[in-house]
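Engineer: Below is the file work.cif, which contains mmCIF, C-alpha atoms.
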data_run
loop_
_atom_site.label_atom_id
_atom_site.label_comp_id
_atom_site.auth_asym_id
_atom_site.auth_seq_id
_atom_site.Cartn_x
_atom_site.Cartn_y
_atom_site.Cartn_z
CA MET A 120 0.00 0.00 0.00
CA SER A 121 1.57 3.25 -1.09
CA THR A 122 1.16 6.63 0.61
CA THR A 123 1.03 9.75 -1.46
CA THR A 124 1.76 13.24 -0.15
CA ALA A 125 -0.41 16.07 -1.45
CA GLU A 126 1.64 19.07 -2.44
CA THR A 127 0.17 22.54 -2.62
CA PRO A 128 0.39 23.88 -6.13
CA ALA A 129 2.75 26.80 -6.56
CA PRO A 130 0.06 29.25 -7.75
CA VAL A 131 -2.06 28.53 -4.66
CA ALA A 132 0.92 29.10 -2.32
CA GLU A 133 1.72 32.40 -3.98
CA GLN A 134 -1.91 33.49 -3.66
CA ARG A 135 -1.94 32.69 0.07
CA SER A 136 1.29 34.62 0.65
CA ALA A 137 -0.15 37.58 -1.19
CA GLU A 138 -3.27 37.46 0.95
CA ALA A 139 -1.23 37.39 4.18
CA PRO A 140 -2.09 40.38 6.44
CA ARG A 141 0.15 43.38 6.09
CA ARG A 142 2.16 44.78 9.00
CA ALA A 143 -0.23 46.46 11.39
CA ARG A 144 0.37 50.22 11.69
CA ARG A 145 1.39 51.28 15.15
CA ARG A 146 -0.86 53.50 17.18
CA GLY A 147 -0.19 57.16 16.40
CA GLU A 148 1.71 56.31 13.21
CA ASN A 149 0.44 58.29 10.24
CA SER A 150 -0.02 56.89 6.79
CA LEU A 151 2.02 58.26 3.90
CA ALA A 152 -0.91 60.34 2.68
CA GLY A 153 -1.58 61.72 6.15
CA SER A 154 2.07 62.60 6.65
CA LEU A 155 2.25 64.40 3.31
CA ALA A 156 -0.96 66.29 4.06
CA SER A 157 0.23 67.42 7.51
CA HIS A 158 3.60 68.52 6.16
CA GLY A 159 1.89 70.37 3.34
CA VAL A 160 -0.33 72.24 5.79
CA LEU A 161 2.70 73.16 7.90
CA VAL A 162 4.59 74.44 4.86
CA VAL A 163 1.65 76.59 3.78
CA ALA A 164 1.19 77.95 7.31
CA SER A 165 4.91 78.77 7.53
CA LEU A 166 4.81 80.62 4.21
CA ILE A 167 1.79 82.62 5.35
CA ALA A 168 3.56 83.54 8.59
CA LEU A 169 6.83 84.49 6.86
CA PHE A 170 5.31 86.44 3.98
CA PRO A 171 4.65 89.71 5.92
CA ILE A 172 8.23 89.68 7.24
CA ALA A 173 9.72 89.03 3.81
CA TRP A 174 7.51 91.73 2.30
CA LEU A 175 8.59 94.25 4.94
CA VAL A 176 12.27 93.49 4.26
CA TYR A 177 11.65 93.83 0.54
CA LEU A 178 9.96 97.22 0.92
CA SER A 179 12.79 98.42 3.17
CA LEU A 180 15.19 98.05 0.23
CA GLY A 181 13.30 100.54 -1.93
CA PRO A 182 15.04 103.94 -2.09
CA ASP A 183 11.89 106.03 -2.56
CA LYS A 184 9.12 106.61 -0.01
CA ASP A 185 6.43 105.80 -2.61
CA ASP A 186 7.94 102.51 -3.77
CA TYR A 187 5.31 100.59 -1.83
CA LEU A 188 2.77 101.76 -4.46
CA HIS A 189 4.68 99.97 -7.25
CA PRO A 190 6.76 97.29 -5.50
CA GLY A 191 7.74 95.60 -8.74
CA GLY A 192 10.21 98.39 -9.48
CA ILE A 193 12.15 97.85 -6.25
CA TRP A 194 13.91 94.77 -7.60
CA ASP A 195 16.01 96.75 -10.08
CA LYS A 196 17.09 99.45 -7.63
CA MET A 197 17.56 97.68 -4.31
CA THR A 198 19.75 99.52 -1.82
CA PHE A 199 20.66 99.53 1.86
CA ALA A 200 20.63 103.34 1.95
CA ASN A 201 17.52 103.35 4.14
CA TYR A 202 19.32 101.42 6.88
CA SER A 203 22.32 103.74 6.70
CA PHE A 204 20.09 106.79 6.97
CA VAL A 205 18.19 105.41 9.97
CA LEU A 206 21.37 104.50 11.84
CA GLN A 207 23.29 107.69 11.04
CA HIS A 208 20.73 110.47 10.71
CA THR A 209 17.99 109.60 13.20
CA GLU A 210 17.81 109.04 16.95
CA PHE A 211 17.59 105.29 16.46
CA LEU A 212 20.46 104.44 18.82
CA ASP A 213 18.93 106.61 21.56
CA TRP A 214 15.59 104.92 21.00
CA LEU A 215 17.29 101.54 21.23
CA LYS A 216 18.99 102.49 24.49
CA SER A 217 15.71 103.71 25.99
CA SER A 218 13.88 100.57 24.87
CA LEU A 219 16.52 98.28 26.36
CA ILE A 220 16.52 100.15 29.69
CA VAL A 221 12.74 100.09 29.99
CA THR A 222 12.26 96.59 28.60
CA LEU A 223 14.98 94.85 30.60
CA GLY A 224 13.96 96.74 33.75
CA THR A 225 10.34 95.71 33.29
CA THR A 226 11.34 92.12 32.60
CA ALA A 227 13.58 91.82 35.66
CA ILE A 228 11.25 93.53 38.15
CA GLY A 229 8.10 92.02 36.66
CA VAL A 230 9.37 88.43 36.70
CA LEU A 231 10.72 88.76 40.26
CA ILE A 232 7.48 90.13 41.71
CA ALA A 233 5.30 87.77 39.67
CA ALA A 234 7.39 84.76 40.73
CA THR A 235 7.17 85.57 44.43
CA THR A 236 3.44 86.28 44.09
CA GLY A 237 2.71 83.09 42.17
CA TYR A 238 4.78 81.02 44.60
CA ALA A 239 3.03 82.49 47.64
CA VAL A 240 -0.43 81.78 46.26
CA SER A 241 0.61 78.29 45.12
CA ARG A 242 2.14 77.22 48.45
CA MET A 243 0.61 79.36 51.21
CA ARG A 244 -3.02 79.36 52.34
CA PHE A 245 -3.54 82.83 53.77
CA PRO A 246 -7.00 84.41 54.16
CA GLY A 247 -8.33 85.64 50.83
CA TYR A 248 -5.64 84.09 48.62
CA LYS A 249 -8.19 83.00 46.01
CA LYS A 250 -9.83 86.44 45.93
CA PHE A 251 -6.39 88.00 45.60
CA MET A 252 -5.75 86.16 42.35
CA TRP A 253 -9.13 87.22 41.02
CA VAL A 254 -8.35 90.83 41.90
CA LEU A 255 -5.17 90.54 39.81
CA LEU A 256 -7.25 89.24 36.93
CA VAL A 257 -9.79 92.06 37.24
CA THR A 258 -7.02 94.67 36.90
CA GLN A 259 -6.43 93.39 33.35
CA MET A 260 -9.97 94.31 32.31
CA PHE A 261 -9.55 98.09 32.40
CA PRO A 262 -8.74 99.68 29.02
CA VAL A 263 -5.65 101.83 28.60
CA ALA A 264 -7.68 104.99 28.01
CA VAL A 265 -9.26 104.70 31.46
CA LEU A 266 -5.93 104.19 33.21
CA MET A 267 -4.01 106.90 31.38
CA VAL A 268 -5.23 109.96 33.32
CA PRO A 269 -4.89 108.58 36.89
CA MET A 270 -1.49 107.09 36.10
CA TYR A 271 -0.29 110.38 34.66
CA GLN A 272 -1.45 112.17 37.81
CA ILE A 273 0.32 109.67 40.07
CA LEU A 274 3.57 109.85 38.10
CA SER A 275 3.36 113.64 38.04
CA ASP A 276 3.01 113.76 41.84
CA LEU A 277 6.01 111.42 42.16
CA GLN A 278 7.99 113.48 39.62
CA LEU A 279 8.41 110.44 37.40
CA ILE A 280 7.12 111.93 34.14
CA ASP A 281 9.77 111.59 31.40
CA ASN A 282 11.61 109.15 33.64
CA TYR A 283 12.60 105.58 32.84
CA LEU A 284 11.60 104.34 36.30
CA GLY A 285 8.11 105.77 35.94
CA LEU A 286 7.52 103.96 32.65
CA ILE A 287 8.94 100.73 34.08
CA LEU A 288 6.51 100.89 37.01
CA VAL A 289 3.61 101.53 34.64
CA TYR A 290 4.54 98.50 32.55
CA CYS A 291 4.90 96.37 35.68
CA THR A 292 1.28 97.08 36.58
CA THR A 293 0.39 95.60 33.19
CA VAL A 294 2.59 92.51 33.06
CA ILE A 295 2.68 91.34 36.69
CA PRO A 296 -0.96 90.19 37.05
CA TYR A 297 -0.84 87.89 34.03
CA SER A 298 2.68 86.66 34.84
CA ALA A 299 1.61 85.85 38.41
CA TRP A 300 -1.25 83.73 37.10
CA LEU A 301 1.09 82.02 34.66
CA LEU A 302 3.76 81.22 37.26
CA LYS A 303 1.21 80.15 39.87
CA GLY A 304 0.05 77.44 37.45
CA TYR A 305 3.64 76.37 36.86
CA PHE A 306 4.53 76.27 40.58
CA ASP A 307 1.52 73.99 41.09
CA THR A 308 3.29 71.38 38.94
CA ILE A 309 6.36 71.33 41.22
CA PRO A 310 5.94 68.73 44.02
CA PHE A 311 5.38 70.18 47.47
CA GLU A 312 7.83 67.61 48.86
CA ILE A 313 10.68 69.78 47.56
CA ASP A 314 9.62 72.58 49.92
CA GLU A 315 9.41 70.12 52.80
CA ALA A 316 12.89 68.81 52.00
CA GLY A 317 14.21 72.36 52.09
CA ARG A 318 12.71 72.98 55.51
CA VAL A 319 14.19 69.72 56.79
CA ASP A 320 17.60 70.89 55.59
CA GLY A 321 17.17 74.13 57.55
CA LEU A 322 16.40 76.49 54.67
CA THR A 323 14.18 79.49 55.22
CA PRO A 324 11.11 79.94 52.96
CA PHE A 325 13.10 82.42 50.85
CA GLY A 326 16.04 80.03 50.73
CA THR A 327 13.78 77.21 49.58
CA PHE A 328 12.24 79.44 46.96
CA PHE A 329 15.49 80.80 45.51
CA ARG A 330 17.69 77.70 45.85
CA LEU A 331 15.29 74.83 45.15
CA VAL A 332 12.09 75.98 43.46
CA LEU A 333 13.31 78.69 41.07
CA PRO A 334 15.88 76.43 39.31
CA LEU A 335 13.05 73.98 38.59
CA ALA A 336 10.81 76.77 37.30
CA LYS A 337 13.12 77.98 34.51
CA PRO A 338 10.66 77.13 31.70
CA GLY A 339 7.86 79.07 33.40
CA LEU A 340 10.16 81.98 34.12
CA ALA A 341 11.25 82.00 30.46
CA VAL A 342 7.63 82.32 29.30
CA ALA A 343 6.95 85.13 31.79
CA ALA A 344 10.14 86.93 30.79
CA PHE A 345 9.29 86.64 27.11
CA TYR A 346 5.79 88.02 27.70
CA ASN A 347 7.12 90.91 29.79
CA PHE A 348 9.80 91.70 27.22
CA LEU A 349 7.43 91.81 24.24
CA THR A 350 4.79 93.79 26.13
CA ALA A 351 7.24 96.52 27.16
CA PHE A 352 9.12 96.43 23.86
CA SER A 353 6.10 97.00 21.63
CA GLU A 354 3.89 99.23 23.80
CA VAL A 355 3.12 102.68 22.37
CA ALA A 356 0.32 104.42 24.29
CA PHE A 357 1.98 104.74 27.71
CA ALA A 358 5.44 105.41 26.25
CA SER A 359 4.22 108.23 24.00
CA THR A 360 2.31 109.83 26.91
CA PHE A 361 4.83 109.57 29.75
CA MET A 362 8.11 110.06 27.84
CA LEU A 363 8.41 113.64 26.52
CA SER A 364 12.06 113.96 25.41
CA ASP A 365 13.03 112.87 21.92
CA ASP A 366 16.11 111.05 23.18
CA LYS A 367 13.99 109.05 25.65
CA TYR A 368 11.52 107.73 23.10
CA THR A 369 11.32 103.97 22.85
CA LEU A 370 11.64 102.25 19.49
CA ALA A 371 7.88 101.83 19.14
CA VAL A 372 7.34 105.57 19.68
CA GLY A 373 10.29 106.59 17.50
CA LEU A 374 8.84 104.55 14.64
CA GLN A 375 5.90 106.97 14.55
CA SER A 376 8.18 109.91 13.80
CA PHE A 377 8.42 108.81 10.15
CA VAL A 378 4.72 109.53 9.66
CA SER A 379 3.40 113.08 9.95
CA GLU A 380 0.23 114.84 8.93
CA HIS A 381 1.57 115.77 5.51
CA ASP A 382 4.24 113.16 4.81
CA ALA A 383 4.97 109.46 5.32
CA GLN A 384 8.47 108.07 4.78
CA ARG A 385 7.41 104.47 4.48
CA ASN A 386 10.76 103.26 3.19
CA LEU A 387 12.51 104.51 6.32
CA MET A 388 9.72 103.15 8.47
CA ALA A 389 10.12 99.70 6.92
CA ALA A 390 13.89 99.75 7.48
CA THR A 391 13.41 100.84 11.10
CA ALA A 392 10.84 98.09 11.66
CA VAL A 393 13.31 95.48 10.42
CA LEU A 394 16.00 96.82 12.78
CA ILE A 395 13.51 96.85 15.67
CA ALA A 396 12.77 93.15 15.12
CA ILE A 397 16.40 92.17 15.71
CA PRO A 398 16.46 92.63 19.54
CA ALA A 399 13.14 90.80 19.90
CA ALA A 400 14.42 87.92 17.77
CA ALA A 401 17.65 87.77 19.79
CA PHE A 402 15.72 87.59 23.08
CA PHE A 403 13.47 84.88 21.66
CA TYR A 404 16.56 82.88 20.68
CA LEU A 405 17.85 83.09 24.26
CA VAL A 406 14.65 81.76 25.86
CA GLN A 407 13.29 79.50 23.12
CA LYS A 408 14.78 76.33 24.68
CA ASN A 409 12.52 76.67 27.71
CA LEU A 410 9.61 78.37 25.98
CA VAL A 411 7.64 75.34 24.75
CA THR A 412 8.06 73.47 28.03
CA GLY A 413 6.93 76.47 30.01
CA LEU A 414 3.87 77.06 27.82
CA THR A 415 2.62 73.50 28.22
CA ALA A 416 3.67 72.55 31.76
CA GLY A 417 1.41 75.03 33.55
CA GLY A 418 -1.71 73.60 31.96
CA THR A 419 -1.79 70.47 34.11
CA LYS A 420 -1.04 69.85 37.73
CA GLY A 421 1.54 67.15 38.35
#
Kindly transcribe the structure held in the file into structure tokens.
Structural biologist:
Amino acid sequence: MSTTTAETPAPVAEQRSAEAPRRARRRGENSLAGSLASHGVLVVASLIALFPIAWLVYLSLGPDKDDYLHPGGIWDKMTFANYSFVLQHTEFLDWLKSSLIVTLGTTAIGVLIAATTGYAVSRMRFPGYKKFMWVLLVTQMFPVAVLMVPMYQILSDLQLIDNYLGLILVYCTTVIPYSAWLLKGYFDTIPFEIDEAGRVDGLTPFGTFFRLVLPLAKPGLAVAAFYNFLTAFSEVAFASTFMLSDDKYTLAVGLQSFVSEHDAQRNLMAATAVLIAIPAAAFFYLVQKNLVTGLTAGGTKG
């Protein structure tokens, strides 16, 4: 009696191998079409964001104040004469000095006060601490026009009109409430056991705050510093009201000097705007490592 072995025909084996299930896509892994679509959206969004900046730089290279009306003619006569004129024949360097004094002063004082405030509300349970934070939030609801007259009167009584310190204090009243809220949320993510460990080691509350908590809060401090810097750097209303001397104008106020009732030197204004963006971009570069972490960490409590 003979035994025969049935062999699977080659075409059937190939069909089965072709019908074998493909590798399962991992969770969160995008398909090729989805990846291309997301990258395409990001490219388009980046171009939209960069276009105004590129257009401003392009207009700043036009030698005539009316070149913005026919921008196509700028390409054949590009020049850096506008930048030379702004740096050599205007008060730009004085404006830059004033802006750096006011902006860095606001950033340093604002972050320090906001950090101590946010830490106190996050860690200490004193009577009315919740209402205190709401009061800080309410101060942000008043428009600038309402605050202008009383602030001017206060600064006048203190002889701080046309004074860097007066403008710094005014800006601090604007940036500290929001920064305190921001840092309070970030301090909530830092374990309370760190404070207890500091007290066990004999540190005072200030020692615990400065030596243990602040180093862990660098991302949150970077976000607060960036917000304070941009707010003071770009503000116009308070600076144009409280600073009266031409050499004490900030960059944002000095930029307005290129536009008058009867004339508008838009080519010089564009060149000045490009130069103004350089300090802001440099500050962003310094804090950008901690910026994303600080923006996201305060949203949840660890």
Engineer: My list of candidates is A:Val378, A:Leu333, A:Leu266, A:Ile395. Which is closest to Ser218 (chain A) when distances are computed with only C-alpha atoms?
Structural biologist: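 Once distances to Ser218 (chain A) are computed over only C-alpha atoms, the minimum belongs to A:Ile395.
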Engineer: Got a sec to resolve the PyMOL selection byres ((chain A and resi 201) around 12) on this structure and send the residues as a VMD selection string?
Structural biologist: chain A and resid 176 to 184 197 to 200 202 to 209 384 to 394
Engineer: Would you save the residues from that selection as a compact mmCIF listing (two decimals), keeping the file's coordinate frame, using C-alpha atoms?
Structural biologist:
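In the end it all went to part25.txt:
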# COMPACT_ATOMS: atom_id res chain seq x y z
CA VAL A 176 12.27 93.49 4.26
CA TYR A 177 11.65 93.83 0.54
CA LEU A 178 9.96 97.22 0.92
CA SER A 179 12.79 98.42 3.17
CA LEU A 180 15.19 98.05 0.23
CA GLY A 181 13.30 100.54 -1.93
CA PRO A 182 15.04 103.94 -2.09
CA ASP A 183 11.89 106.03 -2.56
CA LYS A 184 9.12 106.61 -0.01
CA MET A 197 17.56 97.68 -4.31
CA THR A 198 19.75 99.52 -1.82
CA PHE A 199 20.66 99.53 1.86
CA ALA A 200 20.63 103.34 1.95
CA TYR A 202 19.32 101.42 6.88
CA SER A 203 22.32 103.74 6.70
CA PHE A 204 20.09 106.79 6.97
CA VAL A 205 18.19 105.41 9.97
CA LEU A 206 21.37 104.50 11.84
CA GLN A 207 23.29 107.69 11.04
CA HIS A 208 20.73 110.47 10.71
CA THR A 209 17.99 109.60 13.20
CA GLN A 384 8.47 108.07 4.78
CA ARG A 385 7.41 104.47 4.48
CA ASN A 386 10.76 103.26 3.19
CA LEU A 387 12.51 104.51 6.32
CA MET A 388 9.72 103.15 8.47
CA ALA A 389 10.12 99.70 6.92
CA ALA A 390 13.89 99.75 7.48
CA THR A 391 13.41 100.84 11.10
CA ALA A 392 10.84 98.09 11.66
CA VAL A 393 13.31 95.48 10.42
CA LEU A 394 16.00 96.82 12.78
Engineer: I need the residue nearest Thr350 (chain A) from this list: A:Leu223, A:Leu166, A:Ile309, A:Leu274. Use all atoms listed in the file for the distance.
Structural biologist: A:Leu223
Engineer: Can you tell me which residues surround Leu363 (chain A) at a distance of at most 12 Å, considering all atoms listed in the file, apart from same-chain residues fewer than 4 positions away, and format the answer as a list of chain:residue names?
Structural biologist: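 Surrounding residues, per the criterion: A:Leu279, A:Ile280, A:Asp281, A:Asn282, A:Tyr283, A:Leu286, A:Phe357, A:Ala358, A:Ser359, A:Lys367, A:Tyr368, A:Thr369, A:Val372, A:Gly373.
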Engineer: Using all atoms listed in the file and a cutoff of 10 Å, can you tell me which residues are near (8.4, 90.6, 26.4) in the file's coordinates, and write them out as a tab-separated table (two decimals) with C-alpha atoms, in the frame of the given file?
Structural biologist:
chain	number	residue	atom	x	y	z
A	222	THR	CA	12.26	96.59	28.60
A	223	LEU	CA	14.98	94.85	30.60
A	225	THR	CA	10.34	95.71	33.29
A	226	THR	CA	11.34	92.12	32.60
A	294	VAL	CA	2.59	92.51	33.06
A	341	ALA	CA	11.25	82.00	30.46
A	342	VAL	CA	7.63	82.32	29.30
A	343	ALA	CA	6.95	85.13	31.79
A	344	ALA	CA	10.14	86.93	30.79
A	345	PHE	CA	9.29	86.64	27.11
A	346	TYR	CA	5.79	88.02	27.70
A	347	ASN	CA	7.12	90.91	29.79
A	348	PHE	CA	9.80	91.70	27.22
A	349	LEU	CA	7.43	91.81	24.24
A	350	THR	CA	4.79	93.79	26.13
A	351	ALA	CA	7.24	96.52	27.16
A	352	PHE	CA	9.12	96.43	23.86
A	353	SER	CA	6.10	97.00	21.63
A	399	ALA	CA	13.14	90.80	19.90
A	402	PHE	CA	15.72	87.59	23.08
A	403	PHE	CA	13.47	84.88	21.66
Engineer: Would you compute the distance between CA of Asp186 (chain A) and CA of Ser376 (chain A)? Give it in Å to one decimal.
Structural biologist: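 Atom-to-atom, CA of Asp186 (chain A) to CA of Ser376 (chain A), that is 19.1 Å.
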Engineer: Env of Lys303 (chain A): 9 Å cut, atoms = only C-alpha atoms, seq-sep filter 2 positions within chain, self excluded. Answer as a JSON list (two decimals) with C-alpha atoms, in the frame of the given file.
Structural biologist:
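Result saved to result-v4.json:
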[["chain", "number", "residue", "atom", "x", "y", "z"],
["A", 233, "ALA", "CA", 5.30, 87.77, 39.67],
["A", 234, "ALA", "CA", 7.39, 84.76, 40.73],
["A", 236, "THR", "CA", 3.44, 86.28, 44.09],
["A", 237, "GLY", "CA", 2.71, 83.09, 42.17],
["A", 238, "TYR", "CA", 4.78, 81.02, 44.60],
["A", 239, "ALA", "CA", 3.03, 82.49, 47.64],
["A", 240, "VAL", "CA", -0.43, 81.78, 46.26],
["A", 241, "SER", "CA", 0.61, 78.29, 45.12],
["A", 298, "SER", "CA", 2.68, 86.66, 34.84],
["A", 299, "ALA", "CA", 1.61, 85.85, 38.41],
["A", 300, "TRP", "CA", -1.25, 83.73, 37.10],
["A", 301, "LEU", "CA", 1.09, 82.02, 34.66],
["A", 305, "TYR", "CA", 3.64, 76.37, 36.86],
["A", 306, "PHE", "CA", 4.53, 76.27, 40.58],
["A", 307, "ASP", "CA", 1.52, 73.99, 41.09],
["A", 417, "GLY", "CA", 1.41, 75.03, 33.55]]
Engineer: Between CA of Thr360 (chain A) and CA of Leu175 (chain A), what distance in Å does the model show, to one decimal?
Structural biologist: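 Computing it gives 27.7 Å between the two atoms.
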Engineer: Go through A:Met260, A:Pro310, A:Thr323, A:Glu315 and flag the residue nearest Leu335 (chain A), using all atoms listed in the file for the distances.
Structural biologist: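 Closest candidate: A:Pro310.
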Engineer: For CA of Arg318 (chain A) and CA of Arg244 (chain A), determine how far apart the two atoms are, in Å to one decimal place.
Structural biologist: 17.3 Å
Engineer: Which of these residues is nearest to Gly339 (chain A), using only C-alpha atoms: A:Val230, A:Val263, A:Val254, A:Leu288?
Structural biologist: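 Residue with the minimum atom-to-atom distance to Gly339 (chain A): A:Val230.
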Engineer: Padding 8 Å on every side, please: axis-aligned box over the listed atoms of region 360-379 of chain A, centre and edge lengths to one decimal in Å, as AutoDock Vina command-line options.
Structural biologist:
--center_x 9.2 --center_y 107.9 --center_z 19.7 --size_x 29.8 --size_y 28.1 --size_z 36.1
